[in-house]
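Chemist: So I've got this file, structure_14.txt, and it contains compact mmCIF, C-alpha atoms and all ligand atoms:
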# COMPACT_ATOMS: atom_id res chain seq x y z
CA MET A 1385 198.88 -45.84 -46.79
CA LYS A 1386 198.03 -43.91 -49.96
CA ILE A 1387 200.53 -41.44 -51.38
CA LYS A 1388 198.60 -38.30 -52.26
CA SER A 1389 201.47 -35.88 -52.69
CA SER A 1390 205.23 -35.95 -52.80
CA VAL A 1391 207.40 -32.89 -53.24
CA PHE A 1392 211.11 -32.26 -53.09
CA ASN A 1393 211.80 -30.13 -50.05
CA ARG A 1394 215.55 -29.56 -50.00
CA SER A 1395 219.03 -31.00 -49.99
CA ALA A 1396 221.28 -30.87 -46.98
CA THR A 1397 225.04 -31.23 -46.73
CA ASP A 1398 225.08 -32.05 -43.03
CA LEU A 1399 222.89 -32.45 -39.94
CA LYS A 1400 222.79 -28.70 -39.30
CA SER A 1401 221.29 -27.96 -42.71
CA CYS A 1402 218.54 -30.60 -42.48
CA PRO A 1403 215.01 -29.12 -42.49
CA GLN A 1404 213.77 -27.96 -39.11
CA SER A 1405 210.45 -29.69 -38.82
CA ALA A 1406 208.47 -31.85 -36.45
CA MET A 1407 207.43 -34.29 -39.20
CA PRO A 1408 208.47 -37.92 -38.73
CA GLU A 1409 211.06 -39.21 -41.17
CA VAL A 1410 212.27 -42.44 -42.78
CA ALA A 1411 215.56 -42.74 -44.68
CA PHE A 1412 216.87 -44.92 -47.49
CA ILE A 1413 220.52 -45.84 -47.60
CA GLY A 1414 222.72 -48.40 -49.28
CA ARG A 1415 225.65 -48.85 -51.59
CA SER A 1416 225.93 -46.55 -54.54
CA ASN A 1417 223.78 -47.77 -57.47
CA VAL A 1418 221.78 -50.23 -55.32
CA GLY A 1419 218.53 -48.53 -56.35
CA LYS A 1420 217.67 -46.05 -53.58
CA SER A 1421 216.39 -43.29 -55.83
CA SER A 1422 214.50 -45.79 -58.02
CA LEU A 1423 212.77 -47.24 -54.97
CA ILE A 1424 211.76 -43.78 -53.78
CA ASN A 1425 210.18 -43.16 -57.18
CA LEU A 1426 208.38 -46.50 -56.99
CA ILE A 1427 207.03 -45.71 -53.53
CA THR A 1428 205.86 -42.24 -54.49
CA GLU A 1429 204.70 -43.40 -57.95
CA ARG A 1430 206.70 -40.61 -59.54
CA ARG A 1431 208.91 -41.12 -62.54
CA ASP A 1432 211.74 -38.83 -61.54
CA LEU A 1433 211.18 -37.34 -58.14
CA ALA A 1434 214.57 -38.72 -57.08
CA LYS A 1435 217.26 -38.68 -59.75
CA VAL A 1436 218.12 -42.14 -61.06
CA SER A 1437 221.37 -42.85 -62.82
CA GLY A 1438 223.31 -45.64 -64.42
CA THR A 1439 226.41 -43.96 -63.06
CA PRO A 1440 227.12 -44.65 -59.39
CA GLY A 1441 227.42 -41.74 -56.99
CA LYS A 1442 224.50 -39.73 -58.35
CA THR A 1443 223.01 -38.82 -54.98
CA LYS A 1444 225.64 -36.77 -53.19
CA LEU A 1445 223.52 -34.91 -50.69
CA LEU A 1446 220.85 -35.77 -48.16
CA ASN A 1447 217.66 -35.18 -50.14
CA PHE A 1448 214.41 -34.50 -48.29
CA PHE A 1449 210.98 -35.16 -49.81
CA THR A 1450 207.74 -34.18 -48.09
CA ILE A 1451 205.04 -36.83 -48.47
CA ASN A 1452 201.31 -36.23 -47.92
CA ASN A 1453 202.28 -32.98 -46.20
CA ASN A 1454 202.90 -34.91 -43.01
CA TRP A 1455 206.03 -37.05 -43.25
CA THR A 1456 209.46 -36.97 -44.81
CA LEU A 1457 211.36 -39.43 -46.93
CA VAL A 1458 215.14 -39.00 -47.12
CA ASP A 1459 217.37 -40.21 -49.94
CA LEU A 1460 220.87 -40.56 -48.44
CA PRO A 1461 224.10 -40.67 -50.47
CA GLY A 1462 225.33 -44.14 -51.33
CA TYR A 1463 228.31 -45.52 -49.48
CA GLY A 1464 231.16 -47.37 -51.13
CA TYR A 1465 231.48 -45.20 -54.19
CA ALA A 1466 235.09 -45.03 -55.28
CA LYS A 1467 235.11 -42.17 -57.78
CA VAL A 1468 235.02 -39.33 -55.28
CA SER A 1469 238.02 -37.90 -53.50
CA GLN A 1470 239.03 -39.12 -50.04
CA GLN A 1471 238.01 -35.74 -48.67
CA GLN A 1472 234.55 -35.89 -50.29
CA ARG A 1473 234.08 -39.44 -49.06
CA TYR A 1474 234.99 -38.38 -45.56
CA GLU A 1475 232.55 -35.49 -45.68
CA PHE A 1476 229.68 -37.67 -46.97
CA SER A 1477 230.20 -40.30 -44.35
CA GLN A 1478 230.55 -37.73 -41.58
CA ALA A 1479 227.28 -36.11 -42.62
CA VAL A 1480 225.47 -39.43 -43.00
CA SER A 1481 226.70 -40.94 -39.76
CA GLU A 1482 225.86 -37.79 -37.85
CA TYR A 1483 222.41 -37.79 -39.42
CA LEU A 1484 221.81 -41.45 -38.52
CA GLU A 1485 223.07 -41.03 -34.97
CA LYS A 1486 221.43 -37.75 -34.09
CA ARG A 1487 218.45 -36.86 -36.28
CA GLU A 1488 215.53 -36.69 -33.88
CA ASN A 1489 212.80 -37.00 -36.55
CA LEU A 1490 214.17 -40.31 -37.83
CA ARG A 1491 211.84 -43.29 -37.14
CA CYS A 1492 213.17 -46.04 -39.40
CA VAL A 1493 216.07 -46.68 -41.79
CA PHE A 1494 215.70 -48.87 -44.86
CA VAL A 1495 219.06 -50.37 -45.81
CA LEU A 1496 219.09 -51.42 -49.45
CA ILE A 1497 221.16 -54.40 -50.50
CA ASP A 1498 221.63 -55.78 -54.02
CA SER A 1499 219.79 -59.12 -54.03
CA ARG A 1500 222.02 -60.46 -56.82
CA LEU A 1501 225.14 -60.47 -54.69
CA GLU A 1502 226.44 -62.71 -51.96
CA PRO A 1503 227.03 -60.76 -48.73
CA GLN A 1504 229.41 -57.85 -49.26
CA ASP A 1505 231.55 -56.79 -46.32
CA ILE A 1506 230.73 -53.13 -46.81
CA ASP A 1507 227.00 -53.85 -46.30
CA VAL A 1508 227.52 -56.21 -43.37
CA VAL A 1509 229.80 -53.73 -41.62
CA PHE A 1510 227.37 -50.89 -42.22
CA VAL A 1511 224.33 -52.83 -40.91
CA ARG A 1512 226.26 -53.86 -37.80
CA TRP A 1513 227.25 -50.26 -37.19
CA LEU A 1514 223.67 -49.06 -37.72
CA GLU A 1515 222.30 -51.65 -35.33
CA ARG A 1516 224.14 -49.86 -32.54
CA CYS A 1517 222.36 -46.60 -33.38
CA ASP A 1518 219.04 -46.14 -31.68
CA VAL A 1519 216.80 -46.51 -34.73
CA PRO A 1520 214.78 -49.43 -36.20
CA LEU A 1521 216.22 -50.83 -39.41
CA VAL A 1522 214.75 -52.86 -42.26
CA LEU A 1523 216.78 -54.61 -44.96
CA VAL A 1524 215.44 -54.21 -48.51
CA PHE A 1525 216.90 -56.60 -51.08
CA THR A 1526 216.63 -54.73 -54.38
CA LYS A 1527 216.57 -55.63 -58.10
CA ALA A 1528 214.93 -59.00 -57.40
CA ASP A 1529 213.73 -59.12 -61.04
CA LYS A 1530 217.35 -59.54 -62.15
CA GLU A 1531 217.94 -62.90 -60.43
CA SER A 1532 216.04 -66.14 -59.89
CA ALA A 1533 213.90 -66.23 -56.76
CA SER A 1534 215.98 -69.08 -55.35
CA ARG A 1535 219.26 -67.19 -55.79
CA VAL A 1536 217.73 -64.10 -54.18
CA GLN A 1537 216.55 -66.17 -51.21
CA ARG A 1538 219.97 -67.77 -50.90
CA ASN A 1539 221.69 -64.37 -50.81
CA ILE A 1540 219.21 -63.13 -48.19
CA ASP A 1541 219.81 -66.22 -46.05
CA LEU A 1542 223.59 -65.85 -46.31
CA PHE A 1543 223.37 -62.18 -45.37
CA THR A 1544 221.09 -62.57 -42.38
CA ARG A 1545 223.11 -65.56 -41.18
CA GLN A 1546 226.25 -63.39 -41.12
CA LEU A 1547 224.42 -60.80 -39.04
CA THR A 1548 222.83 -63.15 -36.54
CA GLU A 1549 226.10 -65.07 -36.03
CA ASN A 1550 227.30 -62.06 -34.05
CA THR A 1551 224.38 -61.86 -31.61
CA MET A 1552 222.43 -59.43 -33.77
CA ALA A 1553 218.67 -60.10 -33.75
CA MET A 1554 217.12 -61.28 -37.02
CA PRO A 1555 216.37 -58.10 -38.97
CA GLU A 1556 213.16 -57.47 -40.89
CA VAL A 1557 213.58 -58.25 -44.59
CA ILE A 1558 211.68 -57.00 -47.65
CA THR A 1559 212.42 -57.93 -51.28
CA SER A 1560 211.89 -55.27 -53.96
CA SER A 1561 211.78 -54.70 -57.69
CA ILE A 1562 210.94 -51.56 -59.60
CA LYS A 1563 209.91 -53.77 -62.51
CA SER A 1564 207.30 -55.88 -60.70
CA LYS A 1565 206.63 -53.25 -57.97
CA ALA A 1566 207.38 -55.92 -55.39
CA GLY A 1567 208.04 -54.51 -51.96
CA ARG A 1568 206.13 -51.26 -52.40
CA ALA A 1569 203.12 -52.23 -50.26
CA GLU A 1570 205.30 -53.80 -47.56
CA ILE A 1571 207.51 -50.73 -47.31
CA LEU A 1572 204.50 -48.42 -47.01
CA THR A 1573 202.99 -50.63 -44.31
CA ARG A 1574 206.31 -50.61 -42.45
CA ILE A 1575 206.47 -46.82 -42.67
CA GLU A 1576 202.97 -46.53 -41.19
CA ARG A 1577 204.05 -48.76 -38.35
CA ALA A 1578 207.17 -46.66 -37.79
CA PHE A 1579 204.99 -43.58 -37.29
CA ALA A 1580 202.32 -45.22 -35.12
N1 LIG B 1 216.03 -54.20 -63.12
C1 LIG B 1 216.06 -53.34 -62.11
N2 LIG B 1 216.87 -52.25 -62.16
C2 LIG B 1 216.88 -51.40 -61.10
C3 LIG B 1 216.06 -51.63 -59.94
N3 LIG B 1 216.31 -50.63 -59.07
C4 LIG B 1 217.22 -49.81 -59.65
N4 LIG B 1 217.57 -50.26 -60.86
C5 LIG B 1 218.58 -49.63 -61.79
O1 LIG B 1 219.80 -49.46 -61.08
C6 LIG B 1 220.47 -48.25 -61.46
C7 LIG B 1 220.77 -47.41 -60.24
O2 LIG B 1 219.56 -46.96 -59.65
P1 LIG B 1 219.49 -45.68 -58.70
O3 LIG B 1 218.08 -45.64 -58.19
O4 LIG B 1 220.01 -44.45 -59.37
O5 LIG B 1 220.51 -46.10 -57.54
P2 LIG B 1 220.98 -45.26 -56.27
O6 LIG B 1 221.14 -46.22 -55.16
O7 LIG B 1 220.05 -44.11 -56.02
O8 LIG B 1 222.41 -44.74 -56.75
P3 LIG B 1 223.29 -43.51 -56.21
O9 LIG B 1 222.39 -42.33 -56.05
O10 LIG B 1 224.32 -43.35 -57.25
O11 LIG B 1 223.87 -43.93 -54.90
C8 LIG B 1 219.54 -47.58 -62.47
O12 LIG B 1 219.99 -47.90 -63.76
C9 LIG B 1 218.18 -48.21 -62.19
O13 LIG B 1 217.32 -48.22 -63.29
C10 LIG B 1 215.20 -52.81 -59.92
O14 LIG B 1 214.47 -53.11 -58.99
N5 LIG B 1 215.26 -53.61 -61.03
MG MG B 2 220.40 -42.07 -55.84
Could you show the structure in this file as structure tokens?
Ligand SMILES: Nc1nc2c(ncn2[C@@H]2O[C@H](COP(=O)(O)OP(=O)(O)OP(=O)(O)O)[C@@H](O)[C@H]2O)c(=O)[nH]1
Ligand SMILES: [Mg+2]

Modeler:
Amino acid sequence: MKIKSSVFNRSATDLKSCPQSAMPEVAFIGRSNVGKSSLINLITERRDLAKVSGTPGKTKLLNFFTINNNWTLVDLPGYGYAKVSQQQRYEFSQAVSEYLEKRENLRCVFVLIDSRLEPQDIDVVFVRWLERCDVPLVLVFTKADKESASRVQRNIDLFTRQLTENTMAMPEVITSSIKSKAGRAEILTRIERAFA
């Protein structure tokens, strides 16, 4: 798929305020600072369509981008960010879980995981929860340029082994880097398949 246009549509605070549209949607989620916004910019080939930050917790709303006038990409707030109040954290996670459970337009969720780290409970727990929702999921191991290929592969193996130990089917896996542009083509191909 070629990206011909990408425009910010709107931010939503909860499921009710998401855009009313019939366009199919894919969403990006993952721990704060894992590289969601960066990956969205890589995919759309835009420098700052989604706001990137060195400070975790930048994306606090559900941000909707209209691509090629016929589908939607959603940048979801990162989970596991400590520097917000309990109340804010509760509201984010309520909004995000409601979105993931009930958004009818949603065709696929890309869960981003830092490829430099051994499996983190917060990611494993989230992926297991998401697997019970009725939506296809793909794991994207980000920042692959920051670690050796063998370490990245080891972390991926450890992660998927933890998931499949508990009866979960082997998830699809993509490795990404905004430096080398790795993963861009695979993600776009997967999005096309999600809409087919
Ligand atoms: N080297 C390298 N750095 C990356 C990559 N992806 C993201 N980063 C850096 O990681 C930091 C966080 O990136 P963001 O895209 O803002 O992360 P996010 O997941 O959107 O963060 P929140 O919105 O806070 O949840 C930034 O400093 C990025 O430049 C990558 O593939 N390689
Ligand atoms: Mg972000």

Chemist: Between atom CA of Val1536 of chain A and atom N3 of ligand LIG 1 (chain B), measure the distance and give it in Å to one decimal.

Modeler: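 Calculated distance between atom CA of Val1536 of chain A and atom N3 of ligand LIG 1 (chain B) is 14.4 Å.
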
Chemist: Could you list, as an MDAnalysis selection string, all residues that come within 7 Å of ligand LIG 1 (chain B)? Count only C-alpha atoms and all ligand atoms.

Modeler: chainID A and resid 1414:1423 1435:1443 1461:1462 1526:1530 1560:1563

Chemist: Quick one: everything within 10 Å of Arg1545 of chain A, counting all atoms listed in the file, minus sequence neighbours fewer than 5 positions away in the same chain. Send it as a list in words.

Modeler: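 After dropping sequence-adjacent residues, the list is Pro1503, Asn1539, Ile1540, Asn1550, Met1552 and Met1554 of chain A.
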
Chemist: Box along x, y and z, 6 Å on every side, all listed atoms of segment 1545-1562 of chain A inside: centre and edge lengths in Å to one decimal, as AutoDock Vina command-line options.

Modeler:
--center_x 219.1 --center_y -58.6 --center_z -45.6 --size_x 28.4 --size_y 26.0 --size_z 40.0

Chemist: Go through A:Leu1460, A:Ala1533, A:Leu1433, A:Leu1426 and flag the residue nearest ligand MG 2 (chain B), using only C-alpha atoms and all ligand atoms for the distances.

Modeler: A:Leu1460

Chemist: Between atom CA of Arg1574 of chain A and atom CA of Thr1397 of chain A, what distance in Å does the model show, to one decimal?

Modeler: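 Spanning atom CA of Arg1574 of chain A to atom CA of Thr1397 of chain A is a straight-line distance of 27.3 Å.
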